[in-house]
>>> print(open('target_33.cif').read())   # mmCIF, C-alpha atoms
data_upload
#
loop_
_atom_site.group_PDB
_atom_site.id
_atom_site.type_symbol
_atom_site.label_atom_id
_atom_site.label_comp_id
_atom_site.auth_asym_id
_atom_site.auth_seq_id
_atom_site.Cartn_x
_atom_site.Cartn_y
_atom_site.Cartn_z
ATOM 1 C CA MET A 1 -107.203 -29.876 -231.484
ATOM 2 C CA ARG A 2 -103.680 -30.254 -232.745
ATOM 3 C CA ASP A 3 -102.730 -33.527 -234.380
ATOM 4 C CA VAL A 4 -102.160 -36.303 -231.889
ATOM 5 C CA THR A 5 -99.266 -38.513 -232.863
ATOM 6 C CA GLY A 6 -97.195 -40.872 -230.739
ATOM 7 C CA ARG A 7 -98.515 -42.190 -227.412
ATOM 8 C CA LEU A 8 -101.292 -40.098 -225.873
ATOM 9 C CA MET A 9 -102.024 -40.322 -222.144
ATOM 10 C CA LEU A 10 -105.404 -39.070 -220.931
ATOM 11 C CA LEU A 11 -105.934 -38.481 -217.216
ATOM 12 C CA ASP A 12 -109.391 -38.711 -215.667
ATOM 13 C CA THR A 13 -108.218 -35.980 -213.335
ATOM 14 C CA ALA A 14 -111.030 -35.884 -210.764
ATOM 15 C CA SER A 15 -110.975 -39.664 -210.428
ATOM 16 C CA LEU A 16 -107.245 -39.515 -209.745
ATOM 17 C CA TYR A 17 -107.233 -36.635 -207.285
ATOM 18 C CA PHE A 18 -110.081 -38.282 -205.349
ATOM 19 C CA ARG A 19 -107.886 -41.378 -205.061
ATOM 20 C CA ALA A 20 -104.900 -39.254 -204.093
ATOM 21 C CA TYR A 21 -106.984 -37.510 -201.423
ATOM 22 C CA PHE A 22 -107.977 -40.783 -199.796
ATOM 23 C CA GLY A 23 -104.573 -42.397 -200.356
ATOM 24 C CA VAL A 24 -102.318 -39.680 -198.894
ATOM 25 C CA PRO A 25 -102.755 -38.678 -195.219
ATOM 26 C CA GLU A 26 -104.541 -35.395 -194.566
ATOM 27 C CA SER A 27 -101.636 -34.515 -192.293
ATOM 28 C CA VAL A 28 -99.751 -33.504 -195.475
ATOM 29 C CA LYS A 29 -100.302 -29.745 -195.315
ATOM 30 C CA ALA A 30 -99.122 -26.423 -196.691
ATOM 31 C CA PRO A 31 -97.165 -24.057 -194.404
ATOM 32 C CA ASP A 32 -100.454 -22.311 -193.456
ATOM 33 C CA GLY A 33 -102.037 -25.624 -192.426
ATOM 34 C CA THR A 34 -104.158 -26.161 -195.568
ATOM 35 C CA PRO A 35 -104.286 -29.857 -196.489
ATOM 36 C CA VAL A 36 -102.521 -30.505 -199.797
ATOM 37 C CA ASN A 37 -102.633 -34.315 -199.749
ATOM 38 C CA ALA A 38 -104.636 -34.513 -202.994
ATOM 39 C CA VAL A 39 -102.316 -32.037 -204.734
ATOM 40 C CA ARG A 40 -99.135 -33.819 -203.771
ATOM 41 C CA GLY A 41 -100.626 -37.261 -204.341
ATOM 42 C CA LEU A 42 -101.722 -36.319 -207.865
ATOM 43 C CA LEU A 43 -98.303 -34.841 -208.716
ATOM 44 C CA GLU A 44 -96.614 -38.029 -207.516
ATOM 45 C CA PHE A 45 -99.091 -40.087 -209.553
ATOM 46 C CA ILE A 46 -98.326 -38.117 -212.734
ATOM 47 C CA ASP A 47 -94.600 -38.433 -212.049
ATOM 48 C CA ARG A 48 -94.908 -42.211 -211.792
ATOM 49 C CA LEU A 49 -97.071 -42.438 -214.914
ATOM 50 C CA VAL A 50 -94.629 -40.422 -217.023
ATOM 51 C CA LYS A 51 -91.666 -42.457 -215.760
ATOM 52 C CA ASP A 52 -93.303 -45.823 -216.346
ATOM 53 C CA HIS A 53 -95.230 -45.210 -219.576
ATOM 54 C CA ARG A 54 -93.359 -42.367 -221.311
ATOM 55 C CA PRO A 55 -96.242 -40.664 -223.139
ATOM 56 C CA ASP A 56 -95.547 -38.212 -225.945
ATOM 57 C CA GLN A 57 -98.685 -36.208 -225.173
ATOM 58 C CA LEU A 58 -100.451 -35.769 -221.849
ATOM 59 C CA VAL A 59 -103.861 -34.259 -221.112
ATOM 60 C CA ALA A 60 -105.486 -33.678 -217.728
ATOM 61 C CA CYS A 61 -109.170 -34.087 -218.640
ATOM 62 C CA MET A 62 -111.579 -32.207 -216.375
ATOM 63 C CA ASP A 63 -115.273 -32.294 -215.465
ATOM 64 C CA ALA A 64 -116.574 -28.951 -216.750
ATOM 65 C CA ASP A 65 -119.978 -30.380 -215.812
ATOM 66 C CA TRP A 66 -119.914 -33.462 -213.587
ATOM 67 C CA ARG A 67 -123.671 -34.116 -214.048
ATOM 68 C CA PRO A 68 -124.730 -32.809 -217.470
ATOM 69 C CA GLN A 69 -128.373 -31.818 -217.715
ATOM 70 C CA TRP A 70 -128.743 -33.638 -221.023
ATOM 71 C CA ARG A 71 -127.979 -36.900 -219.220
ATOM 72 C CA VAL A 72 -130.260 -36.030 -216.279
ATOM 73 C CA ASP A 73 -133.104 -35.234 -218.699
ATOM 74 C CA LEU A 74 -132.884 -38.814 -219.975
ATOM 75 C CA ILE A 75 -132.360 -40.546 -216.608
ATOM 76 C CA PRO A 76 -133.272 -38.243 -213.676
ATOM 77 C CA THR A 77 -131.545 -40.484 -211.108
ATOM 78 C CA TYR A 78 -128.181 -39.990 -212.852
ATOM 79 C CA LYS A 79 -125.699 -39.147 -210.058
ATOM 80 C CA ALA A 80 -128.598 -37.674 -208.066
ATOM 81 C CA HIS A 81 -127.319 -39.129 -204.786
ATOM 82 C CA ARG A 82 -124.088 -37.139 -205.163
ATOM 83 C CA VAL A 83 -125.732 -33.708 -205.386
ATOM 84 C CA ALA A 84 -124.785 -31.493 -202.441
ATOM 85 C CA GLU A 85 -126.689 -28.412 -203.618
ATOM 86 C CA VAL A 86 -129.099 -27.781 -206.492
ATOM 87 C CA ARG A 87 -128.258 -24.583 -208.369
ATOM 88 C CA GLU A 88 -130.644 -22.479 -210.443
ATOM 89 C CA SER A 89 -127.966 -21.808 -213.068
ATOM 90 C CA GLY A 90 -124.893 -23.846 -213.876
ATOM 91 C CA PRO A 91 -124.065 -27.372 -212.728
ATOM 92 C CA ASP A 92 -125.356 -28.621 -209.383
ATOM 93 C CA GLU A 93 -122.713 -28.740 -206.679
ATOM 94 C CA GLU A 94 -121.199 -32.185 -206.176
ATOM 95 C CA GLU A 95 -120.756 -33.616 -202.707
ATOM 96 C CA VAL A 96 -116.997 -33.415 -202.130
ATOM 97 C CA PRO A 97 -115.054 -33.704 -198.847
ATOM 98 C CA ASP A 98 -114.624 -30.273 -197.224
ATOM 99 C CA THR A 99 -110.838 -30.461 -197.294
ATOM 100 C CA LEU A 100 -110.682 -31.608 -200.932
ATOM 101 C CA SER A 101 -112.639 -28.774 -202.582
ATOM 102 C CA PRO A 102 -110.056 -26.064 -201.756
ATOM 103 C CA GLN A 103 -107.307 -28.218 -203.274
ATOM 104 C CA VAL A 104 -108.859 -28.376 -206.754
ATOM 105 C CA PRO A 105 -107.942 -24.781 -207.743
ATOM 106 C CA ILE A 106 -104.401 -25.444 -206.516
ATOM 107 C CA ILE A 107 -104.197 -28.556 -208.704
ATOM 108 C CA GLU A 108 -105.424 -26.571 -211.706
ATOM 109 C CA ALA A 109 -102.944 -23.733 -211.092
ATOM 110 C CA VAL A 110 -99.999 -26.117 -210.744
ATOM 111 C CA LEU A 111 -100.864 -28.096 -213.889
ATOM 112 C CA ASP A 112 -101.206 -24.848 -215.856
ATOM 113 C CA ALA A 113 -97.915 -23.446 -214.558
ATOM 114 C CA VAL A 114 -96.076 -26.689 -215.333
ATOM 115 C CA GLY A 115 -97.558 -26.709 -218.842
ATOM 116 C CA ILE A 116 -99.611 -29.909 -218.724
ATOM 117 C CA ALA A 117 -102.612 -29.498 -221.019
ATOM 118 C CA ARG A 118 -105.843 -29.247 -219.036
ATOM 119 C CA VAL A 119 -109.133 -29.598 -220.928
ATOM 120 C CA GLY A 120 -112.725 -29.374 -219.754
ATOM 121 C CA VAL A 121 -115.654 -28.499 -222.022
ATOM 122 C CA GLU A 122 -119.199 -27.583 -220.941
ATOM 123 C CA PRO A 123 -121.635 -29.303 -220.735
ATOM 124 C CA TYR A 124 -119.542 -32.469 -220.689
ATOM 125 C CA GLU A 125 -117.825 -34.724 -218.202
ATOM 126 C CA ALA A 126 -114.150 -35.634 -218.318
ATOM 127 C CA ASP A 127 -115.225 -39.043 -219.665
ATOM 128 C CA ASP A 128 -116.621 -37.323 -222.768
ATOM 129 C CA VAL A 129 -113.444 -35.306 -223.283
ATOM 130 C CA ILE A 130 -111.472 -38.545 -222.984
ATOM 131 C CA GLY A 131 -113.814 -40.268 -225.437
ATOM 132 C CA THR A 132 -113.360 -37.522 -228.013
ATOM 133 C CA PHE A 133 -109.571 -37.344 -227.699
ATOM 134 C CA THR A 134 -109.495 -41.133 -228.038
ATOM 135 C CA ALA A 135 -111.668 -41.066 -231.156
ATOM 136 C CA GLN A 136 -109.401 -38.473 -232.784
ATOM 137 C CA ALA A 137 -106.054 -40.011 -231.800
ATOM 138 C CA LYS A 138 -103.883 -41.432 -234.555
ATOM 139 C CA GLY A 139 -101.593 -43.441 -232.263
ATOM 140 C CA PRO A 140 -101.887 -45.537 -229.085
ATOM 141 C CA VAL A 141 -103.828 -44.168 -226.116
ATOM 142 C CA ASP A 142 -103.417 -44.814 -222.389
ATOM 143 C CA ILE A 143 -106.472 -43.761 -220.358
ATOM 144 C CA VAL A 144 -105.719 -43.444 -216.648
ATOM 145 C CA THR A 145 -108.863 -43.674 -214.531
ATOM 146 C CA GLY A 146 -110.394 -45.252 -211.477
ATOM 147 C CA ASP A 147 -113.740 -45.335 -213.288
ATOM 148 C CA ARG A 148 -114.660 -48.600 -215.003
ATOM 149 C CA ASP A 149 -117.098 -46.739 -217.286
ATOM 150 C CA LEU A 150 -114.146 -45.973 -219.542
ATOM 151 C CA TYR A 151 -113.525 -49.668 -220.192
ATOM 152 C CA GLN A 152 -115.908 -49.111 -223.108
ATOM 153 C CA LEU A 153 -113.081 -47.322 -224.968
ATOM 154 C CA VAL A 154 -110.650 -50.269 -224.841
ATOM 155 C CA ASP A 155 -109.714 -51.251 -228.379
ATOM 156 C CA ASP A 156 -106.741 -53.533 -229.058
ATOM 157 C CA ALA A 157 -106.754 -52.789 -232.791
ATOM 158 C CA ARG A 158 -106.210 -49.088 -232.112
ATOM 159 C CA GLY A 159 -103.903 -49.552 -229.125
ATOM 160 C CA VAL A 160 -106.376 -48.049 -226.646
ATOM 161 C CA ARG A 161 -106.103 -49.400 -223.109
ATOM 162 C CA VAL A 162 -107.129 -48.331 -219.615
ATOM 163 C CA LEU A 163 -104.624 -48.078 -216.769
ATOM 164 C CA TYR A 164 -106.782 -48.672 -213.702
ATOM 165 C CA PRO A 165 -105.284 -48.007 -210.242
ATOM 166 C CA ILE A 166 -105.772 -51.014 -207.992
ATOM 167 C CA LYS A 167 -103.974 -49.787 -204.899
ATOM 168 C CA GLY A 168 -102.625 -46.277 -204.559
ATOM 169 C CA VAL A 169 -100.590 -45.169 -207.547
ATOM 170 C CA GLY A 170 -98.025 -47.920 -207.645
ATOM 171 C CA SER A 171 -100.210 -50.761 -208.898
ATOM 172 C CA LEU A 172 -102.115 -50.414 -212.166
ATOM 173 C CA GLN A 173 -104.366 -52.916 -213.932
ATOM 174 C CA LEU A 174 -103.520 -52.767 -217.642
ATOM 175 C CA THR A 175 -106.959 -53.269 -219.090
ATOM 176 C CA ASP A 176 -107.081 -54.593 -222.649
ATOM 177 C CA GLU A 177 -109.647 -56.702 -224.502
ATOM 178 C CA ALA A 178 -108.231 -59.967 -223.137
ATOM 179 C CA PHE A 179 -108.766 -58.704 -219.581
ATOM 180 C CA LEU A 180 -112.327 -57.583 -220.367
ATOM 181 C CA ARG A 181 -113.247 -60.889 -221.987
ATOM 182 C CA GLU A 182 -111.829 -62.893 -219.088
ATOM 183 C CA LYS A 183 -113.498 -60.797 -216.383
ATOM 184 C CA TYR A 184 -116.733 -59.671 -218.034
ATOM 185 C CA GLY A 185 -117.157 -61.792 -221.151
ATOM 186 C CA VAL A 186 -117.279 -58.752 -223.446
ATOM 187 C CA ASP A 187 -114.911 -56.505 -225.381
ATOM 188 C CA GLY A 188 -114.704 -52.729 -225.036
ATOM 189 C CA ARG A 189 -117.691 -52.047 -227.271
ATOM 190 C CA GLY A 190 -119.739 -54.655 -225.433
ATOM 191 C CA TYR A 191 -118.963 -53.087 -222.059
ATOM 192 C CA VAL A 192 -121.471 -50.288 -222.748
ATOM 193 C CA ASP A 193 -124.252 -52.837 -223.159
ATOM 194 C CA LEU A 194 -123.122 -54.756 -220.083
ATOM 195 C CA ALA A 195 -123.103 -51.583 -217.963
ATOM 196 C CA LEU A 196 -126.490 -50.524 -219.326
ATOM 197 C CA LEU A 197 -128.139 -53.836 -218.441
ATOM 198 C CA ARG A 198 -126.375 -54.298 -215.099
ATOM 199 C CA GLY A 199 -126.783 -50.703 -213.969
ATOM 200 C CA ASP A 200 -124.391 -48.779 -211.758
ATOM 201 C CA PRO A 201 -125.505 -47.597 -208.296
ATOM 202 C CA SER A 202 -122.486 -45.275 -208.037
ATOM 203 C CA ASP A 203 -123.825 -43.322 -211.038
ATOM 204 C CA GLY A 204 -127.509 -43.692 -210.228
ATOM 205 C CA LEU A 205 -128.131 -45.937 -213.240
ATOM 206 C CA PRO A 206 -130.922 -48.388 -212.367
ATOM 207 C CA GLY A 207 -130.167 -51.054 -214.959
ATOM 208 C CA VAL A 208 -132.734 -53.740 -215.741
ATOM 209 C CA PRO A 209 -134.116 -55.184 -212.477
ATOM 210 C CA GLY A 210 -133.055 -58.778 -211.980
ATOM 211 C CA ILE A 211 -130.337 -58.624 -214.658
ATOM 212 C CA GLY A 212 -126.976 -58.707 -212.914
ATOM 213 C CA GLU A 213 -123.523 -58.743 -214.430
ATOM 214 C CA LYS A 214 -123.341 -62.487 -215.135
ATOM 215 C CA THR A 215 -126.819 -62.644 -216.636
ATOM 216 C CA ALA A 216 -126.092 -59.570 -218.757
ATOM 217 C CA ALA A 217 -122.917 -61.203 -220.082
ATOM 218 C CA LYS A 218 -124.815 -64.404 -220.934
ATOM 219 C CA LEU A 219 -127.538 -62.473 -222.739
ATOM 220 C CA LEU A 220 -124.967 -60.525 -224.744
ATOM 221 C CA ALA A 221 -123.168 -63.758 -225.659
ATOM 222 C CA GLU A 222 -126.488 -65.223 -226.818
ATOM 223 C CA PHE A 223 -127.989 -62.232 -228.651
ATOM 224 C CA GLY A 224 -124.969 -60.068 -229.535
ATOM 225 C CA ASP A 225 -125.983 -56.664 -228.239
ATOM 226 C CA VAL A 226 -128.821 -54.787 -226.524
ATOM 227 C CA PRO A 227 -130.884 -54.353 -229.724
ATOM 228 C CA GLY A 228 -130.550 -58.100 -230.285
ATOM 229 C CA ILE A 229 -131.693 -58.824 -226.738
ATOM 230 C CA MET A 230 -134.666 -56.470 -227.028
ATOM 231 C CA ALA A 231 -135.660 -58.038 -230.366
ATOM 232 C CA ALA A 232 -135.658 -61.431 -228.637
ATOM 233 C CA ILE A 233 -138.487 -60.278 -226.339
ATOM 234 C CA ASP A 234 -140.921 -60.500 -229.256
ATOM 235 C CA ASP A 235 -139.499 -63.760 -230.596
ATOM 236 C CA PRO A 236 -141.333 -66.685 -228.972
ATOM 237 C CA LYS A 237 -138.526 -69.012 -230.079
ATOM 238 C CA SER A 238 -135.794 -67.049 -228.275
ATOM 239 C CA LYS A 239 -134.110 -68.553 -225.232
ATOM 240 C CA LEU A 240 -135.164 -65.797 -222.829
ATOM 241 C CA THR A 241 -136.709 -67.146 -219.645
ATOM 242 C CA PRO A 242 -140.226 -65.900 -218.849
ATOM 243 C CA SER A 243 -138.896 -63.691 -216.049
ATOM 244 C CA GLN A 244 -136.150 -62.230 -218.251
ATOM 245 C CA ARG A 245 -138.674 -61.555 -221.008
ATOM 246 C CA LYS A 246 -140.995 -59.783 -218.562
ATOM 247 C CA ARG A 247 -138.251 -57.690 -216.936
ATOM 248 C CA LEU A 248 -136.734 -56.627 -220.241
ATOM 249 C CA ASP A 249 -140.163 -55.775 -221.646
ATOM 250 C CA GLU A 250 -140.937 -53.593 -218.626
ATOM 251 C CA ALA A 251 -137.538 -51.913 -218.980
ATOM 252 C CA ARG A 252 -138.111 -50.750 -222.577
ATOM 253 C CA PRO A 253 -138.393 -47.037 -221.644
ATOM 254 C CA TYR A 254 -135.072 -47.199 -219.739
ATOM 255 C CA VAL A 255 -133.299 -49.194 -222.450
ATOM 256 C CA ALA A 256 -134.446 -46.684 -225.082
ATOM 257 C CA VAL A 257 -132.650 -43.743 -223.427
ATOM 258 C CA ALA A 258 -129.824 -45.383 -221.465
ATOM 259 C CA PRO A 259 -127.329 -45.806 -224.331
ATOM 260 C CA LYS A 260 -126.889 -42.041 -224.719
ATOM 261 C CA VAL A 261 -126.308 -41.717 -220.970
ATOM 262 C CA VAL A 262 -123.950 -44.659 -220.559
ATOM 263 C CA ARG A 263 -121.925 -44.192 -223.749
ATOM 264 C CA VAL A 264 -119.248 -41.507 -223.533
ATOM 265 C CA ALA A 265 -119.493 -38.771 -226.144
ATOM 266 C CA ASP A 266 -116.957 -38.733 -228.972
ATOM 267 C CA ASP A 267 -117.930 -35.420 -230.538
ATOM 268 C CA VAL A 268 -117.034 -32.854 -227.861
ATOM 269 C CA PRO A 269 -115.821 -29.557 -229.421
ATOM 270 C CA LEU A 270 -112.255 -29.693 -228.147
ATOM 271 C CA PRO A 271 -110.158 -26.529 -227.884
ATOM 272 C CA ASP A 272 -106.939 -26.154 -229.840
ATOM 273 C CA VAL A 273 -104.323 -26.939 -227.186
ATOM 274 C CA ASP A 274 -100.736 -28.118 -227.218
ATOM 275 C CA LEU A 275 -100.796 -31.691 -225.936
ATOM 276 C CA ALA A 276 -97.031 -32.236 -225.980
ATOM 277 C CA LEU A 277 -95.473 -33.432 -222.758
ATOM 278 C CA PRO A 278 -93.718 -30.352 -221.320
ATOM 279 C CA HIS A 279 -89.992 -30.774 -220.748
ATOM 280 C CA ALA A 280 -89.622 -27.480 -218.879
ATOM 281 C CA PRO A 281 -92.198 -25.487 -216.870
ATOM 282 C CA ARG A 282 -94.389 -23.114 -218.870
ATOM 283 C CA ASP A 283 -94.071 -20.517 -216.089
ATOM 284 C CA PRO A 284 -91.024 -21.265 -213.911
ATOM 285 C CA GLU A 285 -91.576 -18.238 -211.670
ATOM 286 C CA LEU A 286 -95.161 -19.207 -210.929
ATOM 287 C CA VAL A 287 -94.149 -22.844 -210.366
ATOM 288 C CA GLY A 288 -91.668 -21.667 -207.744
ATOM 289 C CA ALA A 289 -94.242 -19.436 -206.063
ATOM 290 C CA LEU A 290 -96.848 -22.219 -205.954
ATOM 291 C CA ALA A 291 -94.314 -24.706 -204.599
ATOM 292 C CA GLU A 292 -93.418 -22.321 -201.776
ATOM 293 C CA ARG A 293 -96.969 -21.150 -201.053
ATOM 294 C CA TRP A 294 -98.397 -24.658 -200.813
ATOM 295 C CA GLY A 295 -95.361 -26.572 -199.578
ATOM 296 C CA LEU A 296 -95.266 -28.877 -202.590
ATOM 297 C CA GLY A 297 -91.538 -29.477 -202.226
ATOM 298 C CA GLY A 298 -90.297 -32.857 -203.357
ATOM 299 C CA SER A 299 -93.533 -33.922 -205.082
ATOM 300 C CA LEU A 300 -93.422 -31.086 -207.604
ATOM 301 C CA GLN A 301 -89.653 -31.143 -208.012
ATOM 302 C CA ARG A 302 -89.625 -34.864 -208.769
ATOM 303 C CA LEU A 303 -92.244 -34.343 -211.482
ATOM 304 C CA LEU A 304 -90.266 -31.480 -213.025
ATOM 305 C CA THR A 305 -87.088 -33.597 -212.989
ATOM 306 C CA THR A 306 -88.922 -36.486 -214.645
ATOM 307 C CA LEU A 307 -90.403 -34.214 -217.326
ATOM 308 C CA GLY A 308 -86.966 -32.741 -218.043
ATOM 309 C CA ALA A 309 -85.471 -36.220 -218.339
ATOM 310 C CA GLN A 310 -87.999 -37.115 -221.072
ATOM 311 C CA ALA A 311 -86.629 -34.446 -223.431
#
>>> encode(input="target_33.cif", output="structure tokens")
Amino acid sequence: MRDVTGRLMLLDTASLYFRAYFGVPESVKAPDGTPVNAVRGLLEFIDRLVKDHRPDQLVACMDADWRPQWRVDLIPTYKAHRVAEVRESGPDEEEVPDTLSPQVPIIEAVLDAVGIARVGVEPYEADDVIGTFTAQAKGPVDIVTGDRDLYQLVDDARGVRVLYPIKGVGSLQLTDEAFLREKYGVDGRGYVDLALLRGDPSDGLPGVPGIGEKTAAKLLAEFGDVPGIMAAIDDPKSKLTPSQRKRLDEARPYVAVAPKVVRVADDVPLPDVDLALPHAPRDPELVGALAERWGLGGSLQRLLTTLGAQA
């Protein structure tokens, strides 16, 4: 990876195009009738982000493997409810709306033609790519995602924050440590432990039965972290209730493996790519052809104008 200096913006691309798909009417179509609502919505989202936050580098982080086997081996229920088809080789197929799947290759082609860095590394999720870029960054980082899992990367001292879309693309929650402490009672590092204890049905993470978000936050405030909580099980003087002690004791096998599943990786072997925000299209001829073929019109042109204005 080339040196990251200045403000780095990392896009959780699948999270954002899913939101674009559901936020822009499916009546937005290419000349041949193919829905392009996710494509145009994502381009408009990126345009708004660049205008409002003026990153120096921009990376569209991709899911090369949306359900890595190494996570499934540790917790078999991980994202199991989202599997559309089990494959003998390669990642299982994720359940995706029929009219969204065909738009993903279009999104990838447009980003490549414009010159926005696009990075996915097997066998890792976009979250892991984001975690590694964040770990290696020398300047401030804006992570744009609709996935709260990435709150674990928030770090005021390093200038790492999450921009979380609340409604469409126009309203973003700027998530810093003050926000996390007010809402969850933890900082970024503590969010991993909170998520581990609480569980996450959307990811198939069971959590510790009977330990919800508020109880998890109280336990972390009392004992510091998950190892501290687990040590308290064997301490008769600890303030665990009998039911908490029993549930945590029974959850030892889960707690032993969950941290590796819940925590995003920070050691993904990233390719050497140019992260600089493009000020002119990498392939103007292809950009024009894609715009015409898929009827991307104003959405793509506005993004190109905004990128040119940042030069």
>>> atom_distance(input="target_33.cif", atom1="atom CA of A:Lys218", atom2="atom CA of A:Pro201")
21.0 Å
>>> closest_atom_pairs(input="target_33.cif", of="stretch 135-162 of chain A", to="stretch 51-63 of chain A", cutoff="10 Å", atoms="only C-alpha atoms", output="CSV")
residue,atom,partner,partner_atom,distance
A:Pro140,CA,A:Pro55,CA,9.5
A:Val141,CA,A:Pro55,CA,8.9
A:Asp142,CA,A:Pro55,CA,8.3
A:Ile143,CA,A:Val59,CA,9.9
A:Val144,CA,A:Ala60,CA,9.8
>>> closest_residue(input="target_33.cif", among="A:Trp294, A:Trp70, A:Tyr164, A:Phe223", to="A:Asp193", atoms="only C-alpha atoms")
A:Phe223
>>> closest_residue(input="target_33.cif", among="A:Asp187, A:Glu95, A:Asp149, A:Glu26", to="A:Leu220", atoms="all atoms listed in the file")
A:Asp187
>>> resolve_selection(input="target_33.cif", expression="the PyMOL selection byres ((chain A and resi 99) around 9)", output="VMD selection string")
chain A and resid 26 34 to 36 96 to 98 100 to 103
>>> residues_around(input="target_33.cif", residues="A:Leu111", least_positions_apart="6", cutoff="10 Å", atoms="all atoms listed in the file", output="count of residues only")
9
>>> resolve_selection(input="target_33.cif", expression="the PyMOL selection byres ((chain A and resi 244-253) around 8)", output="number ranges by chain")
A: 208-211, 230, 233, 240-243, 254-257
>>> closest_atom_pairs(input="target_33.cif", of="stretch 172-284 of chain A", to="stretch 64-68 of chain A", cutoff="12 Å", atoms="only C-alpha atoms", output="CSV")
residue,atom,partner,partner_atom,distance
A:Asp203,CA,A:Arg67,CA,9.7
A:Gly204,CA,A:Arg67,CA,11.0
A:Lys260,CA,A:Pro68,CA,11.9
A:Val261,CA,A:Pro68,CA,9.7
A:Val264,CA,A:Pro68,CA,11.9
A:Ala265,CA,A:Pro68,CA,11.8
A:Val268,CA,A:Ala64,CA,11.8
>>> closest_residue(input="target_33.cif", among="A:Pro31, A:Pro278, A:Gly120, A:Gly146", to="A:Leu303", atoms="all atoms listed in the file")
A:Pro278
>>> atom_distance(input="target_33.cif", atom1="atom CA of A:Pro227", atom2="atom CA of A:Asp200")
19.9 Å
>>> atom_distance(input="target_33.cif", atom1="atom CA of A:Thr134", atom2="atom CA of A:Asp266")
7.9 Å
>>> residues_near_point(input="target_33.cif", point="(-128.3, -44.8, -213.4)", cutoff="9 Å", atoms="all atoms listed in the file", output="PyMOL selection string")
chain A and resi 75-80+196+199-207+258+261-262
>>> closest_residue(input="target_33.cif", among="A:Arg302, A:Arg40, A:Arg7, A:Arg181", to="A:Val104", atoms="all atoms listed in the file")
A:Arg40
>>> closest_residue(input="target_33.cif", among="A:Glu213, A:Asp128, A:Leu197, A:Gly139", to="A:Ile229", atoms="all atoms listed in the file")
A:Leu197
>>> closest_residue(input="target_33.cif", among="A:Ala309, A:Val273, A:Val154, A:Val110", to="A:Gly288", atoms="all atoms listed in the file")
A:Val110
